[in-house]
Amino acid sequence: MKILDIRALRGPNYWSNYRKKLIVMKLDLEEMEESPTNKIPGFLDRLKKTLPSLQTHRCSKDNEGGFFERVEEGTWMGHVVEHIALEIQTLAGMEVGFGRTRGTGTKGVYNVVFSYMEEKVGKYAAKASVDIAEAVIKGNDYDLENDIKQMRQIRERERFGPSTGSIVDEAVARDIPYIRLNSQSLVQLGYGKNQVRFRATMTDRTSSIAVDLAGNKDETKKILQDAAIPVAKGSCISSESEIEEAIENIGFPLVFKPLDGNHGKGASINVKTLEEAKAAFLHAKQYSRSIIVEKFITGYDFRVLVINHRFIAAALREPAHVKGDGKSTIQQLIDKENKDPRRGYGHENVLTEITVDRETHDQLAKSNYTLETVLKKDELCYLKGTANLSTGGTSTDVTDIMHPTNIFICERISRVIGLDICGIDIMAKNLSEPLEITGGVVLEVNAAPGFRMHLAPAKGLPRNVAAPVLDMLYPPGKSCRIPIIAITGTNGKTTTTRLIAHIVKNNGYRVGFTTSDGIYVQNSMLTKGDTTGPLSAEFILKDPTVEFAVLETARGGILRSGLGFGRCDVAVVTNIQEDHMGLGDIHTLKDMASVKGVVASSVKRDGYAVLNADNEYCVGLSKIVDCNVAYFSLEENSPVVREHCRKGGIAAIYENGFITIKKGDWKFRVGKVTTIPLTFGGRVTFMISNVLAATLASYVYGFTIEDIKSSLESFIPSATQTPGRMNIFDFKEHKVLIDFAHNPDGFRGIKEFLSTVDSSFKIGIITGTGDRRDEDIREMGKISAEMFDHIIIRQDKFLRGREAQEIVDLLVEGIKQSDPNKSYEYIPKEIEALKHALDMAKPGSFITALSDVIDNAITVVQSYLDKERGL
């Protein structure tokens, strides 16, 4: 078997609108296409031995063991690979369950689709599943444990930490969208101007001064002391010569810790001798230039969490430890403790595995123990100096027994330091009595405190501490989203997008929009190129200045990565025609409708899918959407519109020369097409269709007819406003039209317009695109012969898998099918072809240049026009 391609989908997609994280692996079974599982001797037994846990897979049988039944009956290897990929992820601690395998239309080649939790793990699982299947086929041994280990390690590197993950999970539960802004913990919640950002448990509301204060333990202690908050006696030193003076002033036992350390790194507790003090100083010095020396306070280590200056949770923390049984060594006890199913690698479980390091040996040495020491029965032996969960510590929830006085102290501390999310470390006998009674003290204050000990304590109630963070960031009444109108279809997407963006801007919004020309905010192009994919959509949604997004959404991006947004307010499907057929395993118009339907299906329930009533495949999408539907049509008496409006629906129609909104039995005329510049006096039918789509989308969103009308009348088509969309240049004795038409349907639209043009000689410059079917390229040649008196064939910049001559031959075949005597010539270079056409133009000539790359054409023609005008 051979893997042809592996893609990761990250949003609503062709395979599922709800399962946004999918791997799509294109797999060529090669000779295995002729060998279903029931024809491979011993395959089932070997598969059961390699992955016995596949017994839980129900498959289509819908009973446990159903997948093994399918294997026994006979199924293809792509299906087996799908189930292996799902199972090995589950074994690595990432439970996933959705998968499907479908043919691509090419014999032996399948799309194996399965869900993932971490993208890199999903891609690893794709490759490993094929290797495992091949090993089982051949009867070879396979090191499955190594794959599981590798996937766990990748997951720990890639996934959110417990704190970040809990906030993201809570956001998802509240239907708040998020975007990961880097490979670590920087996350954006919400879109555009309504976004907020956080990193771990620091938010964009967190004061930088407060973070600096919390990071400087000596300064924190002084501020707290000045505020009459109990703290441990201590001082800050930076050289070994100051140790003895610190001991004399504070007295044993002592605690040494880095001034700006975290996670307990470099800390030593219960230091009782000068030698231990010097060693502790040097250990802390590895992490900070200045060292805090404090009185070691006996008692228990507590962490209190305050969010938005309100007490949220409290936990008792214990350092990693083992309890003796009178016969096992400390190392044996550690090994036994690490077998606790609650302990795992990194943050994968409630508890972290205990590792043996320098700190462990130092702790044991204080009791004259080694790893080979046998502890007495029930004797506790602490292995770390601090109680951090990341080093194997445990936590017990004590939220409900926190004394009101202590709550007041902690909430006051959060305001004194100024932290919106504040972790307070307290040493005391308990928290159920006031600190002044127990003699407890505040050890330090933490910015970005970890949530794990509260989310999943070893004992006591887990606390949803992420919820108050979201309450703070998005209080009632604050929106997390911005309006989104998404536009898809075969032709007319960019013009419709630009027109809608113009209407939105005229209604007072700062609009961000994506097109096949580039990304824009208001009228400023920020990125040039075809920007109709998910990354471009995300670019707009990440921009904090954008108030409204209008997103052109093309087929390629949907198939490659899915949508760049979870849902939209309005979706427009301009039309579904034969273009890009045969690419991405899309072979029929029904397949293409399924791709475009991803956008329509992403509309929120009370939003609108705006569909072309004159296109049967667009109309068919009304059956799959879970939202309101509105239709637009060039036909006043369209049966689809008539039936829709009979039921009280909304539509936009072209009737009696007017753009009209129809709502039930009522009609509201928006404007006469002759007053709308984009329609070229009503002569360009496909532009009227684009106007209808944009008008209807704007109306169902909520803009008034008056505002829409004024915007339609002020939108002037030009090479600047609508590059490559019916750009007409008026020379003294002839005219030039440049248009983006690059498929048969686009050519037909130009043909219809040219039929209204009074010209003595019509010259056409055409090219074919390599990623179209032979019949599509021939059809473009045929249509060209029907609308031009003379044809210049040029070579496209991007051949996309074909030879230039092959494309030219297909175009010529089409031309000759229409008119064997039609005049044509071949000039490969675009600029030379344009110059040749301009030079041969006669008075009254009309030159039309059609291409899906129009920048050069506009520049050349504009230079000729400037020259004629003496500019």
# chains A, B, ... in the order shown; residues from 1 in each chain; ligands from 1
$ residues_around --residues "stretch 162-165 of chain A" --least-positions-apart "2" --cutoff "10 Å" --atoms "only C-alpha atoms" --output "PyMOL selection string"
chain A and resi 159-160+167-171+184-187+198-202+347-350+448-456+465-466
$ residues_around --residues "A:Ser711" --least-positions-apart "5" --cutoff "8 Å" --atoms "only C-alpha atoms" --output "list in words"
His502, Ile503 and Asn506 of chain A
$ select_by_dssp --residues "stretch 627-694 of chain A" --states "alpha helix (DSSP H)" --output "PyMOL selection string"
chain A and resi 639-646+685-694
$ residues_around --residues "stretch 12-26 of chain A" --least-positions-apart "4" --cutoff "8 Å" --atoms "only C-alpha atoms" --output "PyMOL selection string"
chain A and resi 3-8+109-117+119+122-123+126+558-559+561-563+565-566+594-595+598+601-602
$ residues_around --residues "A:Ser863" --least-positions-apart "3" --cutoff "12 Å" --atoms "only C-alpha atoms" --output "PyMOL selection string"
chain A and resi 729+731+831+834-835+838+856-860+866-871
$ write_last_selection --atoms "all heavy atoms" --output "tab-separated table (two decimals), in the first residue's frame"
chain	number	residue	atom	x	y	z
A	729	PHE	N	-12.19	49.42	-20.81
A	729	PHE	CA	-11.31	50.56	-21.04
A	729	PHE	C	-11.71	51.20	-22.36
A	729	PHE	O	-11.71	50.54	-23.41
A	729	PHE	CB	-9.84	50.14	-21.08
A	729	PHE	CG	-9.35	49.50	-19.80
A	729	PHE	CD1	-9.62	48.17	-19.52
A	729	PHE	CD2	-8.64	50.24	-18.87
A	729	PHE	CE1	-9.18	47.57	-18.36
A	729	PHE	CE2	-8.19	49.65	-17.69
A	729	PHE	CZ	-8.47	48.32	-17.43
A	731	PHE	N	-10.94	53.42	-25.31
A	731	PHE	CA	-9.97	54.13	-26.15
A	731	PHE	C	-10.76	55.02	-27.12
A	731	PHE	O	-12.00	54.91	-27.23
A	731	PHE	CB	-9.10	53.14	-26.90
A	731	PHE	CG	-8.08	52.42	-26.04
A	731	PHE	CD1	-8.49	51.36	-25.23
A	731	PHE	CD2	-6.75	52.81	-26.01
A	731	PHE	CE1	-7.57	50.70	-24.42
A	731	PHE	CE2	-5.83	52.15	-25.20
A	731	PHE	CZ	-6.25	51.10	-24.40
A	831	ILE	N	1.57	39.28	-22.48
A	831	ILE	CA	1.78	40.70	-22.79
A	831	ILE	C	1.89	40.90	-24.30
A	831	ILE	O	1.31	41.84	-24.86
A	831	ILE	CB	3.03	41.23	-22.07
A	831	ILE	CG1	2.78	41.24	-20.55
A	831	ILE	CG2	3.41	42.62	-22.56
A	831	ILE	CD1	3.97	41.67	-19.72
A	834	LEU	N	-1.57	40.66	-25.86
A	834	LEU	CA	-2.35	41.88	-25.64
A	834	LEU	C	-1.88	43.02	-26.56
A	834	LEU	O	-2.69	43.72	-27.18
A	834	LEU	CB	-2.21	42.31	-24.18
A	834	LEU	CG	-3.27	41.79	-23.21
A	834	LEU	CD1	-2.83	42.02	-21.78
A	834	LEU	CD2	-4.61	42.45	-23.47
A	835	LYS	N	-0.57	43.20	-26.63
A	835	LYS	CA	-0.03	44.27	-27.48
A	835	LYS	C	-0.38	44.04	-28.93
A	835	LYS	O	-0.72	44.98	-29.67
A	835	LYS	CB	1.49	44.37	-27.29
A	835	LYS	CG	1.91	44.90	-25.92
A	835	LYS	CD	3.43	44.98	-25.79
A	835	LYS	CE	3.83	45.61	-24.46
A	835	LYS	NZ	5.30	45.66	-24.29
A	838	LEU	N	-4.00	45.00	-29.44
A	838	LEU	CA	-4.16	46.45	-29.44
A	838	LEU	C	-3.64	47.07	-30.73
A	838	LEU	O	-4.21	48.03	-31.27
A	838	LEU	CB	-3.44	47.05	-28.23
A	838	LEU	CG	-4.09	46.76	-26.86
A	838	LEU	CD1	-3.12	47.04	-25.73
A	838	LEU	CD2	-5.36	47.60	-26.70
A	856	ASN	N	-1.47	41.43	-15.01
A	856	ASN	CA	-0.64	41.91	-16.12
A	856	ASN	C	-1.47	42.55	-17.21
A	856	ASN	O	-1.08	43.57	-17.79
A	856	ASN	CB	0.18	40.76	-16.69
A	856	ASN	CG	1.26	40.28	-15.73
A	856	ASN	OD1	1.63	41.00	-14.82
A	856	ASN	ND2	1.74	39.07	-15.93
A	857	ALA	N	-2.61	41.95	-17.52
A	857	ALA	CA	-3.46	42.46	-18.58
A	857	ALA	C	-3.92	43.88	-18.27
A	857	ALA	O	-3.88	44.78	-19.12
A	857	ALA	CB	-4.66	41.54	-18.79
A	858	ILE	N	-4.36	44.11	-17.03
A	858	ILE	CA	-4.83	45.44	-16.64
A	858	ILE	C	-3.69	46.45	-16.75
A	858	ILE	O	-3.87	47.57	-17.26
A	858	ILE	CB	-5.40	45.40	-15.21
A	858	ILE	CG1	-6.72	44.63	-15.19
A	858	ILE	CG2	-5.59	46.80	-14.66
A	858	ILE	CD1	-7.29	44.43	-13.80
A	859	THR	N	-2.50	46.07	-16.30
A	859	THR	CA	-1.35	46.99	-16.34
A	859	THR	C	-1.01	47.38	-17.77
A	859	THR	O	-0.77	48.56	-18.08
A	859	THR	CB	-0.13	46.32	-15.67
A	859	THR	OG1	-0.45	45.99	-14.32
A	859	THR	CG2	1.07	47.25	-15.69
A	860	VAL	N	-0.98	46.39	-18.69
A	860	VAL	CA	-0.63	46.66	-20.09
A	860	VAL	C	-1.66	47.57	-20.74
A	860	VAL	O	-1.32	48.57	-21.38
A	860	VAL	CB	-0.50	45.33	-20.87
A	860	VAL	CG1	-0.37	45.61	-22.37
A	860	VAL	CG2	0.69	44.53	-20.39
A	866	ASP	N	-3.11	55.29	-21.01
A	866	ASP	CA	-2.40	56.48	-20.51
A	866	ASP	C	-1.60	57.14	-21.62
A	866	ASP	O	-1.54	58.38	-21.72
A	866	ASP	CB	-1.48	56.09	-19.35
A	866	ASP	CG	-2.24	55.68	-18.10
A	866	ASP	OD1	-3.44	55.95	-18.02
A	866	ASP	OD2	-1.61	55.05	-17.21
A	867	LYS	N	-0.98	56.31	-22.45
A	867	LYS	CA	-0.17	56.84	-23.56
A	867	LYS	C	-1.05	57.59	-24.54
A	867	LYS	O	-0.69	58.67	-25.03
A	867	LYS	CB	0.56	55.68	-24.25
A	867	LYS	CG	1.53	56.11	-25.34
A	867	LYS	CD	2.26	54.90	-25.91
A	867	LYS	CE	3.23	55.33	-27.01
A	867	LYS	NZ	3.94	54.16	-27.59
A	868	GLU	N	-2.23	57.03	-24.83
A	868	GLU	CA	-3.15	57.67	-25.76
A	868	GLU	C	-3.62	59.02	-25.22
A	868	GLU	O	-3.82	59.96	-25.96
A	868	GLU	CB	-4.36	56.77	-26.01
A	868	GLU	CG	-5.37	57.36	-27.00
A	868	GLU	CD	-6.57	56.45	-27.22
A	868	GLU	OE1	-7.53	56.54	-26.44
A	868	GLU	OE2	-6.51	55.65	-28.18
A	869	ARG	N	-3.76	59.07	-23.89
A	869	ARG	CA	-4.24	60.31	-23.26
A	869	ARG	C	-3.11	61.28	-22.96
A	869	ARG	O	-3.32	62.35	-22.37
A	869	ARG	CB	-4.98	59.97	-21.97
A	869	ARG	CG	-6.28	59.21	-22.21
A	869	ARG	CD	-6.89	58.73	-20.91
A	869	ARG	NE	-8.16	58.04	-21.13
A	869	ARG	CZ	-8.85	57.42	-20.17
A	869	ARG	NH1	-8.37	57.39	-18.93
A	869	ARG	NH2	-9.99	56.82	-20.44
A	870	GLY	N	-1.87	60.87	-23.30
A	870	GLY	CA	-0.73	61.74	-23.07
A	870	GLY	C	-0.30	61.84	-21.63
A	870	GLY	O	0.31	62.84	-21.22
A	871	LEU	N	-0.61	60.82	-20.83
A	871	LEU	CA	-0.26	60.84	-19.41
A	871	LEU	C	1.12	60.26	-19.18
A	871	LEU	O	1.57	59.40	-19.92
A	871	LEU	CB	-1.30	60.05	-18.61
A	871	LEU	CG	-2.72	60.59	-18.69
A	871	LEU	CD1	-3.66	59.69	-17.92
A	871	LEU	CD2	-2.77	62.01	-18.10
$ closest_residue --among "A:Lys107, A:Lys376, A:Arg58, A:Lys732" --to "A:Ser328" --atoms "only C-alpha atoms"
A:Lys376
$ closest_atom_pairs --of "stretch 92-188 of chain A" --to "stretch 538-554 of chain A" --cutoff "10 Å" --atoms "only C-alpha atoms" --output "CSV"
residue,atom,partner,partner_atom,distance
A:Tyr178,CA,A:Lys542,CA,9.9
A:Ile179,CA,A:Lys542,CA,8.0
A:Leu181,CA,A:Lys542,CA,9.0
A:Gln188,CA,A:Lys542,CA,7.8
$ write_last_selection --atoms "N, CA, C and O atoms" --output "PDB file, in the first residue's frame"
ATOM      1  N   TYR A 178     -12.529  29.878  19.407  1.00  0.00           N
ATOM      2  CA  TYR A 178     -11.152  30.167  19.811  1.00  0.00           C
ATOM      3  C   TYR A 178     -10.201  29.910  18.654  1.00  0.00           C
ATOM      4  O   TYR A 178     -10.491  29.130  17.747  1.00  0.00           O
ATOM      5  N   ILE A 179      -9.066  30.590  18.687  1.00  0.00           N
ATOM      6  CA  ILE A 179      -7.999  30.401  17.700  1.00  0.00           C
ATOM      7  C   ILE A 179      -6.693  30.283  18.462  1.00  0.00           C
ATOM      8  O   ILE A 179      -6.368  31.153  19.287  1.00  0.00           O
ATOM      9  N   LEU A 181      -2.990  30.885  18.761  1.00  0.00           N
ATOM     10  CA  LEU A 181      -2.159  31.881  18.096  1.00  0.00           C
ATOM     11  C   LEU A 181      -0.690  31.485  17.991  1.00  0.00           C
ATOM     12  O   LEU A 181       0.067  32.133  17.273  1.00  0.00           O
ATOM     13  N   GLN A 188      -6.654  33.064  21.346  1.00  0.00           N
ATOM     14  CA  GLN A 188      -7.645  34.118  21.155  1.00  0.00           C
ATOM     15  C   GLN A 188      -9.031  33.524  21.322  1.00  0.00           C
ATOM     16  O   GLN A 188      -9.358  32.506  20.714  1.00  0.00           O
TER      17      GLN A 188
END
$ residues_around --residues "stretch 85-94 of chain A" --least-positions-apart "4" --cutoff "10 Å" --atoms "only C-alpha atoms" --output "MDAnalysis selection string"
chainID A and resid 23 51 53:54 56:57 80:81 98:99 112:118 121:130 132:133 144:145 147:153 155 344 348:349
$ atom_distance --atom1 "atom CA of A:Leu443" --atom2 "atom CA of A:Arg463"
23.4 Å
$ select_by_dssp --residues "stretch 151-220 of chain A" --states "strand (DSSP E)" --output "list in words"
Tyr178, Ile179, Arg180, Leu186, Val187, Gln188, Leu189, Val196, Arg197, Phe198, Arg199, Met202 and Thr203 of chain A
$ closest_residue --among "A:Leu27, A:Ile653, A:Val504, A:Ile792" --to "A:Glu830" --atoms "only C-alpha atoms"
A:Ile792
$ closest_residue --among "A:Pro404, A:Arg157, A:Leu754, A:Val441" --to "A:Phe296" --atoms "only C-alpha atoms"
A:Val441
